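*Asks:* I'd like to ask some things about the structure below.
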Amino acid sequence: MSGAIGVGMVGHAFMGRAHSQAWRSVGAFFAPPLTPVMAAVAGRSAERAAAAARTLGWASAESDWKRLLERDDVQLIDVCTPGDTHAEIAVAALEAGKHVLCEKPLANSVAEAAAMAAAADRAREHGVRAMVGFNYRRVPAAALARRLVAEGRIGEIRHVRAQYLQDWLADPDAPFTWRSDRERAGSGALGDLGAHIVDLAQHVTGQRLVGVSAVTGTFVPERPLPEGGTARVTVDDAALFLARTDGGALASFEATRFATGRKNALRLEVNGSKGSLAFDLESLNELSFHDAAEDPATAGFRRVLVTEPDHPYAGAWWPPGHLLGYEHTFTHQAADLLTAIAGGTDPAPSFADGLQVQRVLAAVETSADSGAWTTVEGSGG
Ligand code: SOE
């Protein structure tokens, strides 16, 4: 398949802006087999959607996302809304024969995620594709880490150490938003940040979590509402857990919005029998690599600048040493999705992958509530 593909995006806040940037830039840098046409953006307020269309580069605006499904000039729906609407929009879009890109976490519950994965399975039979937006897989350094693990460069994996640390809720006076509301967000730091590190750790190692032992906490139980008064926080502020993988590794995970001074510190360290890899999103152009076979006198973590033409994604951008940022991960995501749609293959991560992450999140909540080791559904663990 080649030619153009019309995109309709639902939601135009932070994620909508990040995705818009990707749709604007992907054609210029990746020459994808399908050229995205930014047909329409949908939002609940006609005025705000029209303003978003103008600033973000969409040709038109709709005040009801359902209109996007009726439009012949839209073949791909990009879901950038809070989690409570993902399932309804994505399932309807797939049933209308539209390809879907859906922001993470896939849904607010395992039941919703399962319904979405089932809809994606049915749609695949008609050549319709679905992808969940775990964008950090597409940081060149993270993609290189996966490549090195797959090539056996760090041997058998013993430890996975994953953290996603932010601090934007550490101030008790920070206002209440949908992200602190279980009805809308599903969970707190767990689904928002923990989902990313679960996906990334599994992606880099090629192993899946089979069981967890977790603690979660809410440090600030009420927050001020912008319009006055307060609202009760119904999600976790932080979630920490230990896990076993199906490859025999022992792993630890930490997701928090209360790590003062840490702004967007997604860190992953993997220790193997032959060496180690370490990544920190706050220095996202670098991958630290330790080769245990090196002379101990000079061995240690080496900082690899991941900007060479043969590093994943990097060659499409600038000459070596010219750095990339957060926004590029969304462009890479768009490029891979367009390539998969054009090639008639399943994009990764699929909705089935999103469902599996959702099951890990559910196991974490069950374990935190019960205090018991909890098996991840479907893991055979
Ligand atoms: C907020 O914590 C947030 O924007 C997440 O929702 C994103 O998924 C993450 O990439 C950055 O932080």
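Ordering of the structure tokens sets the chain letters (A, B, ...), residue numbers begin anew at 1 in every chain, and ligands are numbered from 1 in the order given.
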Please produce, as JSON lines, a per-residue contact table for chain A versus ligand 1 (criterion: any atom at most 8 Å away, only C-alpha atoms and all ligand atoms considered), showing the nearest atom pair and its distance in Å to one decimal, sorted by chain then residue number.
*Replies:*
{"residue": "A:Phe14", "atom": "CA", "partner": "ligand 1", "partner_atom_place_in_ligand_line": "4 (O)", "distance": 7.3}
{"residue": "A:Met15", "atom": "CA", "partner": "ligand 1", "partner_atom_place_in_ligand_line": "4 (O)", "distance": 7.6}
{"residue": "A:Lys104", "atom": "CA", "partner": "ligand 1", "partner_atom_place_in_ligand_line": "8 (O)", "distance": 6.8}
{"residue": "A:Phe134", "atom": "CA", "partner": "ligand 1", "partner_atom_place_in_ligand_line": "8 (O)", "distance": 8.0}
{"residue": "A:Asn135", "atom": "CA", "partner": "ligand 1", "partner_atom_place_in_ligand_line": "10 (O)", "distance": 7.6}
{"residue": "A:Tyr136", "atom": "CA", "partner": "ligand 1", "partner_atom_place_in_ligand_line": "10 (O)", "distance": 7.6}
{"residue": "A:Gln166", "atom": "CA", "partner": "ligand 1", "partner_atom_place_in_ligand_line": "2 (O)", "distance": 7.0}
{"residue": "A:Trp168", "atom": "CA", "partner": "ligand 1", "partner_atom_place_in_ligand_line": "2 (O)", "distance": 7.9}
{"residue": "A:Ala189", "atom": "CA", "partner": "ligand 1", "partner_atom_place_in_ligand_line": "2 (O)", "distance": 7.3}
{"residue": "A:Asp192", "atom": "CA", "partner": "ligand 1", "partner_atom_place_in_ligand_line": "6 (O)", "distance": 5.1}
{"residue": "A:Leu193", "atom": "CA", "partner": "ligand 1", "partner_atom_place_in_ligand_line": "5 (C)", "distance": 6.2}
{"residue": "A:His196", "atom": "CA", "partner": "ligand 1", "partner_atom_place_in_ligand_line": "8 (O)", "distance": 7.1}
{"residue": "A:Arg257", "atom": "CA", "partner": "ligand 1", "partner_atom_place_in_ligand_line": "2 (O)", "distance": 7.4}
{"residue": "A:Asn264", "atom": "CA", "partner": "ligand 1", "partner_atom_place_in_ligand_line": "11 (C)", "distance": 6.7}
*Asks:* Using DSSP on the backbone coordinates, identify all residues within region 99-324 of chain A classified as alpha helix (DSSP H); present the result as a PyMOL selection string.
*Replies:* chain A and resi 110-124+140-150+182-185+189+195-205
*Asks:* Contacts of region 105-110 of chain A at 6 Å or less, counting only C-alpha atoms, minus same-chain residues fewer than 3 places along, as a list in words?
*Replies:*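 Contacts, in chain order: Gly83, His86, Ala113, Ala114, Gly186, Gly354 and Gln358 of chain A.
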*Asks:* Which residues are close to Pro36 (chain A), i.e. within 12 Å by only C-alpha atoms, leaving aside same-chain residues fewer than 5 positions away? Reply as a VMD selection string.
*Replies:* chain A and resid 2 to 9 19 to 28 30 to 31 57 to 59 73 to 78 331 334 to 335 337 to 339 341 to 342
*Asks:* Based on the selection just made, write C-alpha atoms of those residues as an mmCIF file, in the first residue's frame.
*Replies:*
data_model
loop_
_atom_site.group_PDB
_atom_site.id
_atom_site.type_symbol
_atom_site.label_atom_id
_atom_site.label_comp_id
_atom_site.auth_asym_id
_atom_site.auth_seq_id
_atom_site.Cartn_x
_atom_site.Cartn_y
_atom_site.Cartn_z
ATOM 1 C CA SER A 2 1.278 3.503 -0.742
ATOM 2 C CA GLY A 3 -0.164 6.992 -1.123
ATOM 3 C CA ALA A 4 -1.846 9.071 1.539
ATOM 4 C CA ILE A 5 -3.645 8.239 4.755
ATOM 5 C CA GLY A 6 -6.020 10.650 6.456
ATOM 6 C CA VAL A 7 -5.517 11.008 10.208
ATOM 7 C CA GLY A 8 -8.156 12.129 12.696
ATOM 8 C CA MET A 9 -6.937 12.896 16.199
ATOM 9 C CA HIS A 19 1.322 13.546 18.321
ATOM 10 C CA SER A 20 0.572 16.520 16.066
ATOM 11 C CA GLN A 21 4.266 17.312 15.970
ATOM 12 C CA ALA A 22 4.900 13.715 14.907
ATOM 13 C CA TRP A 23 2.344 13.778 12.098
ATOM 14 C CA ARG A 24 3.789 17.072 10.864
ATOM 15 C CA SER A 25 7.401 15.874 10.827
ATOM 16 C CA VAL A 26 7.303 12.167 9.957
ATOM 17 C CA GLY A 27 6.999 12.669 6.202
ATOM 18 C CA ALA A 28 9.937 15.045 6.057
ATOM 19 C CA PHE A 30 11.291 9.165 7.398
ATOM 20 C CA ALA A 31 9.741 9.042 3.914
ATOM 21 C CA GLY A 57 -1.705 21.995 11.752
ATOM 22 C CA TRP A 58 -4.984 20.098 11.308
ATOM 23 C CA ALA A 59 -7.114 20.884 8.253
ATOM 24 C CA ASP A 73 -11.040 11.317 4.409
ATOM 25 C CA VAL A 74 -10.052 9.750 7.769
ATOM 26 C CA GLN A 75 -8.546 6.251 7.772
ATOM 27 C CA LEU A 76 -6.578 6.384 11.031
ATOM 28 C CA ILE A 77 -7.818 7.517 14.453
ATOM 29 C CA ASP A 78 -5.240 8.784 16.934
ATOM 30 C CA THR A 331 7.741 10.782 15.182
ATOM 31 C CA ALA A 334 4.259 7.426 13.632
ATOM 32 C CA ALA A 335 6.866 6.193 11.127
ATOM 33 C CA LEU A 337 2.884 2.649 12.453
ATOM 34 C CA LEU A 338 2.644 3.923 8.870
ATOM 35 C CA THR A 339 5.167 1.315 7.728
ATOM 36 C CA ILE A 341 -0.134 -0.312 7.942
ATOM 37 C CA ALA A 342 1.367 -0.036 4.467
#
*Asks:* Give me, as number ranges by chain, all polymer residues having an atom no more than 12 Å from Glu47 (chain A), counting only C-alpha atoms and skipping those fewer than 5 positions away in the same chain.
*Replies:* A: 41-42, 52-54, 60-63
*Asks:* Restrict the selected residues to N, CA and C atoms and save them as a short mmCIF file (atom, residue, chain, number, x, y, z; two decimals), in the first residue's frame.
*Replies:*
data_model
loop_
_atom_site.label_atom_id
_atom_site.label_comp_id
_atom_site.auth_asym_id
_atom_site.auth_seq_id
_atom_site.Cartn_x
_atom_site.Cartn_y
_atom_site.Cartn_z
N VAL A 41 -8.98 17.32 13.79
CA VAL A 41 -8.80 17.10 15.22
C VAL A 41 -10.16 17.27 15.89
N ALA A 42 -10.45 16.39 16.87
CA ALA A 42 -11.73 16.49 17.58
C ALA A 42 -11.50 16.81 19.05
N ALA A 52 -7.13 24.58 18.18
CA ALA A 52 -6.08 23.55 18.14
C ALA A 52 -5.76 23.19 16.69
N ALA A 53 -6.78 23.09 15.86
CA ALA A 53 -6.54 22.77 14.45
C ALA A 53 -5.61 23.80 13.83
N ARG A 54 -5.88 25.06 14.13
CA ARG A 54 -5.04 26.14 13.56
C ARG A 54 -3.62 26.05 14.06
N SER A 60 -9.06 20.56 9.70
CA SER A 60 -10.40 20.91 10.15
C SER A 60 -10.59 20.44 11.59
N ALA A 61 -11.72 20.80 12.17
CA ALA A 61 -11.99 20.44 13.56
C ALA A 61 -13.40 19.89 13.69
N GLU A 62 -13.56 18.97 14.65
CA GLU A 62 -14.88 18.43 14.96
C GLU A 62 -15.09 18.54 16.47
N SER A 63 -16.35 18.76 16.88
CA SER A 63 -16.61 18.83 18.32
C SER A 63 -17.17 17.51 18.85
#
*Asks:* Near region 378-380 of chain A, counting only C-alpha atoms, which residues have an atom at most 10 Å away, once you skip same-chain residues fewer than 2 positions from it, shown as a count of residues only?
*Replies:* 11
*Asks:* If DSSP is run on the backbone, what residues of region 80-311 of chain A are strand (DSSP E)? A reply as a PDB file with N, CA and C atoms, in the first residue's frame would be ideal.
*Replies:*
ATOM      1  N   HIS A  99      -7.878   2.374  11.218  1.00  0.00           N
ATOM      2  CA  HIS A  99      -6.704   2.003  12.002  1.00  0.00           C
ATOM      3  C   HIS A  99      -6.683   2.875  13.259  1.00  0.00           C
ATOM      4  N   VAL A 100      -6.062   2.362  14.332  1.00  0.00           N
ATOM      5  CA  VAL A 100      -6.062   3.118  15.596  1.00  0.00           C
ATOM      6  C   VAL A 100      -4.667   3.180  16.212  1.00  0.00           C
ATOM      7  N   LEU A 101      -4.292   4.370  16.629  1.00  0.00           N
ATOM      8  CA  LEU A 101      -3.154   4.557  17.529  1.00  0.00           C
ATOM      9  C   LEU A 101      -3.757   5.073  18.827  1.00  0.00           C
ATOM     10  N   CYS A 102      -3.487   4.383  19.950  1.00  0.00           N
ATOM     11  CA  CYS A 102      -4.102   4.783  21.216  1.00  0.00           C
ATOM     12  C   CYS A 102      -3.027   5.052  22.254  1.00  0.00           C
ATOM     13  N   GLU A 103      -3.143   6.178  22.930  1.00  0.00           N
ATOM     14  CA  GLU A 103      -2.167   6.529  23.976  1.00  0.00           C
ATOM     15  C   GLU A 103      -2.176   5.485  25.105  1.00  0.00           C
ATOM     16  N   ALA A 130      -3.939  -1.824  14.841  1.00  0.00           N
ATOM     17  CA  ALA A 130      -4.054  -1.071  16.102  1.00  0.00           C
ATOM     18  C   ALA A 130      -2.729  -1.101  16.842  1.00  0.00           C
ATOM     19  N   MET A 131      -2.371   0.035  17.396  1.00  0.00           N
ATOM     20  CA  MET A 131      -1.095   0.161  18.108  1.00  0.00           C
ATOM     21  C   MET A 131      -1.310   0.980  19.375  1.00  0.00           C
ATOM     22  N   VAL A 132      -0.588   0.625  20.447  1.00  0.00           N
ATOM     23  CA  VAL A 132      -0.656   1.421  21.670  1.00  0.00           C
ATOM     24  C   VAL A 132       0.626   2.252  21.769  1.00  0.00           C
ATOM     25  N   GLY A 133       0.478   3.479  22.283  1.00  0.00           N
ATOM     26  CA  GLY A 133       1.573   4.443  22.191  1.00  0.00           C
ATOM     27  C   GLY A 133       2.564   4.424  23.342  1.00  0.00           C
ATOM     28  N   ILE A 157      20.139 -12.424  31.502  1.00  0.00           N
ATOM     29  CA  ILE A 157      19.713 -11.290  32.340  1.00  0.00           C
ATOM     30  C   ILE A 157      19.409 -11.754  33.768  1.00  0.00           C
ATOM     31  N   ARG A 158      20.035 -11.061  34.718  1.00  0.00           N
ATOM     32  CA  ARG A 158      19.819 -11.370  36.141  1.00  0.00           C
ATOM     33  C   ARG A 158      18.908 -10.341  36.805  1.00  0.00           C
ATOM     34  N   HIS A 159      19.168  -9.063  36.510  1.00  0.00           N
ATOM     35  CA  HIS A 159      18.422  -7.998  37.183  1.00  0.00           C
ATOM     36  C   HIS A 159      17.882  -6.973  36.192  1.00  0.00           C
ATOM     37  N   VAL A 160      16.697  -6.498  36.517  1.00  0.00           N
ATOM     38  CA  VAL A 160      16.108  -5.365  35.799  1.00  0.00           C
ATOM     39  C   VAL A 160      15.725  -4.363  36.880  1.00  0.00           C
ATOM     40  N   ARG A 161      16.201  -3.140  36.718  1.00  0.00           N
ATOM     41  CA  ARG A 161      15.941  -2.100  37.721  1.00  0.00           C
ATOM     42  C   ARG A 161      15.305  -0.923  36.988  1.00  0.00           C
ATOM     43  N   ALA A 162      14.025  -0.699  37.236  1.00  0.00           N
ATOM     44  CA  ALA A 162      13.322   0.326  36.455  1.00  0.00           C
ATOM     45  C   ALA A 162      12.689   1.359  37.380  1.00  0.00           C
ATOM     46  N   GLN A 163      12.869   2.608  37.012  1.00  0.00           N
ATOM     47  CA  GLN A 163      12.263   3.692  37.804  1.00  0.00           C
ATOM     48  C   GLN A 163      11.664   4.713  36.845  1.00  0.00           C
ATOM     49  N   TYR A 164      10.548   5.274  37.236  1.00  0.00           N
ATOM     50  CA  TYR A 164      10.044   6.449  36.517  1.00  0.00           C
ATOM     51  C   TYR A 164       9.692   7.470  37.599  1.00  0.00           C
ATOM     52  N   LEU A 165      10.522   8.493  37.693  1.00  0.00           N
ATOM     53  CA  LEU A 165      10.445   9.453  38.797  1.00  0.00           C
ATOM     54  C   LEU A 165      10.080  10.838  38.274  1.00  0.00           C
ATOM     55  N   LEU A 209       6.884 -10.041  32.784  1.00  0.00           N
ATOM     56  CA  LEU A 209       6.719 -10.193  34.225  1.00  0.00           C
ATOM     57  C   LEU A 209       5.672 -11.273  34.502  1.00  0.00           C
ATOM     58  N   VAL A 210       5.997 -12.155  35.446  1.00  0.00           N
ATOM     59  CA  VAL A 210       5.044 -13.234  35.749  1.00  0.00           C
ATOM     60  C   VAL A 210       4.372 -13.057  37.107  1.00  0.00           C
ATOM     61  N   GLY A 211       5.013 -12.318  38.016  1.00  0.00           N
ATOM     62  CA  GLY A 211       4.402 -12.122  39.330  1.00  0.00           C
ATOM     63  C   GLY A 211       5.021 -10.918  40.009  1.00  0.00           C
ATOM     64  N   VAL A 212       4.260 -10.335  40.942  1.00  0.00           N
ATOM     65  CA  VAL A 212       4.715  -9.097  41.576  1.00  0.00           C
ATOM     66  C   VAL A 212       4.382  -9.077  43.066  1.00  0.00           C
ATOM     67  N   SER A 213       5.145  -8.271  43.790  1.00  0.00           N
ATOM     68  CA  SER A 213       4.832  -7.959  45.183  1.00  0.00           C
ATOM     69  C   SER A 213       4.948  -6.442  45.311  1.00  0.00           C
ATOM     70  N   ALA A 214       3.853  -5.783  45.692  1.00  0.00           N
ATOM     71  CA  ALA A 214       3.801  -4.331  45.521  1.00  0.00           C
ATOM     72  C   ALA A 214       3.372  -3.574  46.774  1.00  0.00           C
ATOM     73  N   VAL A 215       3.789  -2.313  46.827  1.00  0.00           N
ATOM     74  CA  VAL A 215       3.196  -1.352  47.758  1.00  0.00           C
ATOM     75  C   VAL A 215       2.826  -0.104  46.962  1.00  0.00           C
ATOM     76  N   THR A 216       1.715   0.511  47.334  1.00  0.00           N
ATOM     77  CA  THR A 216       1.346   1.784  46.717  1.00  0.00           C
ATOM     78  C   THR A 216       0.982   2.750  47.843  1.00  0.00           C
ATOM     79  N   GLY A 217       1.012   4.035  47.563  1.00  0.00           N
ATOM     80  CA  GLY A 217       0.654   5.005  48.593  1.00  0.00           C
ATOM     81  C   GLY A 217       0.125   6.289  47.992  1.00  0.00           C
ATOM     82  N   GLU A 222      -6.132  14.992  49.523  1.00  0.00           N
ATOM     83  CA  GLU A 222      -7.072  15.989  48.953  1.00  0.00           C
ATOM     84  C   GLU A 222      -6.277  17.073  48.267  1.00  0.00           C
ATOM     85  N   ARG A 223      -6.837  17.593  47.173  1.00  0.00           N
ATOM     86  CA  ARG A 223      -6.132  18.668  46.466  1.00  0.00           C
ATOM     87  C   ARG A 223      -7.109  19.791  46.132  1.00  0.00           C
ATOM     88  N   PRO A 224      -6.580  21.016  46.016  1.00  0.00           N
ATOM     89  CA  PRO A 224      -7.476  22.127  45.695  1.00  0.00           C
ATOM     90  C   PRO A 224      -8.000  22.046  44.259  1.00  0.00           C
ATOM     91  N   THR A 230     -12.032  21.579  47.480  1.00  0.00           N
ATOM     92  CA  THR A 230     -11.025  20.526  47.277  1.00  0.00           C
ATOM     93  C   THR A 230     -11.690  19.278  46.711  1.00  0.00           C
ATOM     94  N   ALA A 231     -10.864  18.388  46.213  1.00  0.00           N
ATOM     95  CA  ALA A 231     -11.374  17.096  45.724  1.00  0.00           C
ATOM     96  C   ALA A 231     -10.499  15.999  46.291  1.00  0.00           C
ATOM     97  N   ARG A 232     -11.101  14.835  46.495  1.00  0.00           N
ATOM     98  CA  ARG A 232     -10.375  13.706  47.061  1.00  0.00           C
ATOM     99  C   ARG A 232      -9.545  13.017  45.974  1.00  0.00           C
ATOM    100  N   ALA A 238       2.270   6.987  44.337  1.00  0.00           N
ATOM    101  CA  ALA A 238       3.499   6.225  44.056  1.00  0.00           C
ATOM    102  C   ALA A 238       3.200   4.741  44.106  1.00  0.00           C
ATOM    103  N   ALA A 239       3.911   3.970  43.302  1.00  0.00           N
ATOM    104  CA  ALA A 239       3.765   2.509  43.301  1.00  0.00           C
ATOM    105  C   ALA A 239       5.141   1.884  43.144  1.00  0.00           C
ATOM    106  N   LEU A 240       5.469   0.977  44.058  1.00  0.00           N
ATOM    107  CA  LEU A 240       6.759   0.289  44.016  1.00  0.00           C
ATOM    108  C   LEU A 240       6.485  -1.208  44.014  1.00  0.00           C
ATOM    109  N   PHE A 241       7.228  -1.946  43.202  1.00  0.00           N
ATOM    110  CA  PHE A 241       7.032  -3.398  43.253  1.00  0.00           C
ATOM    111  C   PHE A 241       8.256  -4.182  42.802  1.00  0.00           C
ATOM    112  N   LEU A 242       8.310  -5.406  43.331  1.00  0.00           N
ATOM    113  CA  LEU A 242       9.311  -6.383  42.911  1.00  0.00           C
ATOM    114  C   LEU A 242       8.635  -7.337  41.950  1.00  0.00           C
ATOM    115  N   ALA A 243       9.412  -7.916  41.051  1.00  0.00           N
ATOM    116  CA  ALA A 243       8.808  -8.834  40.082  1.00  0.00           C
ATOM    117  C   ALA A 243       9.790  -9.921  39.686  1.00  0.00           C
ATOM    118  N   ARG A 244       9.234 -11.044  39.220  1.00  0.00           N
ATOM    119  CA  ARG A 244      10.020 -12.087  38.549  1.00  0.00           C
ATOM    120  C   ARG A 244       9.637 -12.074  37.081  1.00  0.00           C
ATOM    121  N   THR A 245      10.610 -12.390  36.222  1.00  0.00           N
ATOM    122  CA  THR A 245      10.296 -12.468  34.792  1.00  0.00           C
ATOM    123  C   THR A 245      10.258 -13.927  34.343  1.00  0.00           C
ATOM    124  N   LEU A 250      15.261 -11.168  38.273  1.00  0.00           N
ATOM    125  CA  LEU A 250      14.588 -10.503  39.390  1.00  0.00           C
ATOM    126  C   LEU A 250      14.581  -9.014  39.094  1.00  0.00           C
ATOM    127  N   ALA A 251      13.402  -8.396  39.265  1.00  0.00           N
ATOM    128  CA  ALA A 251      13.247  -7.007  38.812  1.00  0.00           C
ATOM    129  C   ALA A 251      12.641  -6.139  39.906  1.00  0.00           C
ATOM    130  N   SER A 252      12.956  -4.836  39.848  1.00  0.00           N
ATOM    131  CA  SER A 252      12.294  -3.886  40.742  1.00  0.00           C
ATOM    132  C   SER A 252      11.813  -2.688  39.936  1.00  0.00           C
ATOM    133  N   PHE A 253      10.678  -2.161  40.349  1.00  0.00           N
ATOM    134  CA  PHE A 253      10.032  -1.048  39.641  1.00  0.00           C
ATOM    135  C   PHE A 253       9.604   0.011  40.648  1.00  0.00           C
ATOM    136  N   GLU A 254       9.718   1.249  40.235  1.00  0.00           N
ATOM    137  CA  GLU A 254       9.342   2.369  41.106  1.00  0.00           C
ATOM    138  C   GLU A 254       8.731   3.462  40.226  1.00  0.00           C
ATOM    139  N   ALA A 255       7.484   3.821  40.515  1.00  0.00           N
ATOM    140  CA  ALA A 255       6.822   4.890  39.756  1.00  0.00           C
ATOM    141  C   ALA A 255       6.285   5.911  40.757  1.00  0.00           C
ATOM    142  N   THR A 256       6.699   7.144  40.628  1.00  0.00           N
ATOM    143  CA  THR A 256       6.255   8.149  41.605  1.00  0.00           C
ATOM    144  C   THR A 256       6.198   9.540  40.999  1.00  0.00           C
ATOM    145  N   ALA A 265      12.580  11.362  35.061  1.00  0.00           N
ATOM    146  CA  ALA A 265      13.700  10.416  35.156  1.00  0.00           C
ATOM    147  C   ALA A 265      13.215   8.987  34.996  1.00  0.00           C
ATOM    148  N   LEU A 266      13.080   8.582  33.745  1.00  0.00           N
ATOM    149  CA  LEU A 266      12.772   7.179  33.453  1.00  0.00           C
ATOM    150  C   LEU A 266      14.120   6.484  33.315  1.00  0.00           C
ATOM    151  N   ARG A 267      14.399   5.586  34.239  1.00  0.00           N
ATOM    152  CA  ARG A 267      15.703   4.914  34.223  1.00  0.00           C
ATOM    153  C   ARG A 267      15.517   3.416  34.130  1.00  0.00           C
ATOM    154  N   LEU A 268      16.378   2.819  33.358  1.00  0.00           N
ATOM    155  CA  LEU A 268      16.337   1.362  33.237  1.00  0.00           C
ATOM    156  C   LEU A 268      17.765   0.856  33.287  1.00  0.00           C
ATOM    157  N   GLU A 269      18.016  -0.078  34.182  1.00  0.00           N
ATOM    158  CA  GLU A 269      19.328  -0.730  34.205  1.00  0.00           C
ATOM    159  C   GLU A 269      19.096  -2.227  34.118  1.00  0.00           C
ATOM    160  N   VAL A 270      19.863  -2.871  33.266  1.00  0.00           N
ATOM    161  CA  VAL A 270      19.746  -4.315  33.103  1.00  0.00           C
ATOM    162  C   VAL A 270      21.124  -4.911  33.326  1.00  0.00           C
ATOM    163  N   ASN A 271      21.208  -5.847  34.276  1.00  0.00           N
ATOM    164  CA  ASN A 271      22.484  -6.508  34.567  1.00  0.00           C
ATOM    165  C   ASN A 271      22.424  -7.938  34.055  1.00  0.00           C
ATOM    166  N   GLY A 272      23.379  -8.276  33.194  1.00  0.00           N
ATOM    167  CA  GLY A 272      23.423  -9.633  32.654  1.00  0.00           C
ATOM    168  C   GLY A 272      24.715 -10.331  33.044  1.00  0.00           C
ATOM    169  N   GLY A 275      27.501  -8.488  31.139  1.00  0.00           N
ATOM    170  CA  GLY A 275      27.618  -7.034  31.145  1.00  0.00           C
ATOM    171  C   GLY A 275      26.312  -6.370  31.535  1.00  0.00           C
ATOM    172  N   SER A 276      26.289  -5.054  31.446  1.00  0.00           N
ATOM    173  CA  SER A 276      25.124  -4.283  31.890  1.00  0.00           C
ATOM    174  C   SER A 276      24.830  -3.141  30.930  1.00  0.00           C
ATOM    175  N   LEU A 277      23.585  -2.692  30.984  1.00  0.00           N
ATOM    176  CA  LEU A 277      23.139  -1.529  30.207  1.00  0.00           C
ATOM    177  C   LEU A 277      22.391  -0.590  31.135  1.00  0.00           C
ATOM    178  N   ALA A 278      22.561   0.699  30.946  1.00  0.00           N
ATOM    179  CA  ALA A 278      21.797   1.653  31.765  1.00  0.00           C
ATOM    180  C   ALA A 278      21.363   2.832  30.906  1.00  0.00           C
ATOM    181  N   PHE A 279      20.127   3.268  31.144  1.00  0.00           N
ATOM    182  CA  PHE A 279      19.526   4.344  30.359  1.00  0.00           C
ATOM    183  C   PHE A 279      18.789   5.292  31.293  1.00  0.00           C
ATOM    184  N   ASP A 280      18.861   6.567  31.009  1.00  0.00           N
ATOM    185  CA  ASP A 280      18.117   7.575  31.784  1.00  0.00           C
ATOM    186  C   ASP A 280      17.515   8.574  30.801  1.00  0.00           C
ATOM    187  N   GLU A 286      22.030   9.085  25.371  1.00  0.00           N
ATOM    188  CA  GLU A 286      23.139   8.243  25.830  1.00  0.00           C
ATOM    189  C   GLU A 286      22.655   6.876  26.298  1.00  0.00           C
ATOM    190  N   LEU A 287      23.511   5.872  26.073  1.00  0.00           N
ATOM    191  CA  LEU A 287      23.300   4.555  26.667  1.00  0.00           C
ATOM    192  C   LEU A 287      24.603   4.171  27.356  1.00  0.00           C
ATOM    193  N   SER A 288      24.509   3.749  28.608  1.00  0.00           N
ATOM    194  CA  SER A 288      25.715   3.283  29.305  1.00  0.00           C
ATOM    195  C   SER A 288      25.820   1.786  29.110  1.00  0.00           C
ATOM    196  N   PHE A 289      27.039   1.345  28.786  1.00  0.00           N
ATOM    197  CA  PHE A 289      27.266  -0.064  28.471  1.00  0.00           C
ATOM    198  C   PHE A 289      28.510  -0.542  29.204  1.00  0.00           C
ATOM    199  N   HIS A 290      28.372  -1.645  29.916  1.00  0.00           N
ATOM    200  CA  HIS A 290      29.530  -2.258  30.586  1.00  0.00           C
ATOM    201  C   HIS A 290      29.720  -3.658  30.032  1.00  0.00           C
ATOM    202  N   ASP A 291      30.927  -3.933  29.549  1.00  0.00           N
ATOM    203  CA  ASP A 291      31.256  -5.258  29.029  1.00  0.00           C
ATOM    204  C   ASP A 291      32.112  -5.958  30.080  1.00  0.00           C
ATOM    205  N   ARG A 302      30.657   2.512  29.929  1.00  0.00           N
ATOM    206  CA  ARG A 302      31.025   3.447  28.855  1.00  0.00           C
ATOM    207  C   ARG A 302      29.784   4.183  28.415  1.00  0.00           C
ATOM    208  N   ARG A 303      29.924   5.472  28.147  1.00  0.00           N
ATOM    209  CA  ARG A 303      28.787   6.256  27.693  1.00  0.00           C
ATOM    210  C   ARG A 303      28.795   6.256  26.157  1.00  0.00           C
ATOM    211  N   VAL A 304      27.778   5.642  25.574  1.00  0.00           N
ATOM    212  CA  VAL A 304      27.678   5.596  24.115  1.00  0.00           C
ATOM    213  C   VAL A 304      26.717   6.701  23.681  1.00  0.00           C
ATOM    214  N   LEU A 305      27.190   7.579  22.831  1.00  0.00           N
ATOM    215  CA  LEU A 305      26.304   8.624  22.310  1.00  0.00           C
ATOM    216  C   LEU A 305      25.531   8.013  21.135  1.00  0.00           C
TER     217      LEU A 305
END
*Asks:* Grab the CA of Leu148 (chain A) to CA of Thr345 (chain A) distance for me, in Å with one decimal place.
*Replies:*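 CA of Thr345 (chain A) lies at a distance of 24.3 Å from CA of Leu148 (chain A).
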*Asks:* Could you check the closest approach to Ala293 (chain A) for each of A:Arg71, A:Lys274, A:Arg122, A:Arg147 and tell me which residue wins, using only C-alpha atoms?
*Replies:* A:Lys274
*Asks:* Go through A:His12, A:Arg262, A:His328, A:Lys98 one by one, measure the shortest atom-to-atom distance of each to Ser45 (chain A) using only C-alpha atoms, and give the residue with the smallest value.
*Replies:* A:His12
*Asks:* Would you kindly return, as a list in words, each protein, DNA or RNA residue with an atom no farther than 9 Å from any atom of Val306 (chain A), considering only C-alpha atoms and excluding same-chain residues fewer than 5 positions away?
*Replies:*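 The contact residues come out as Pro140, Ala141, Leu144, Leu284, Asn285, Glu286, Leu287, His311, Pro312, Ala314, Pro320, Gly321 and Leu323 of chain A.
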*Asks:* Between CA of Gly194 (chain A) and CA of Phe176 (chain A), what distance in Å does the model show, to one decimal?
*Replies:*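 Here the two named atoms are 20.2 Å from each other.
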*Asks:* Using only C-alpha atoms, which of the listed residues (A:Thr307, A:Arg17, A:Thr205, A:Val37) sits closest to Gly152 (chain A)?
*Replies:*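 So, comparing all the options, the nearest one is A:Thr205.
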*Asks:* What is the distance between CA of Leu324 (chain A) and CA of Thr35 (chain A), in Å to one decimal?
*Replies:*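 Between CA of Leu324 (chain A) and CA of Thr35 (chain A) the gap works out to 22.5 Å.
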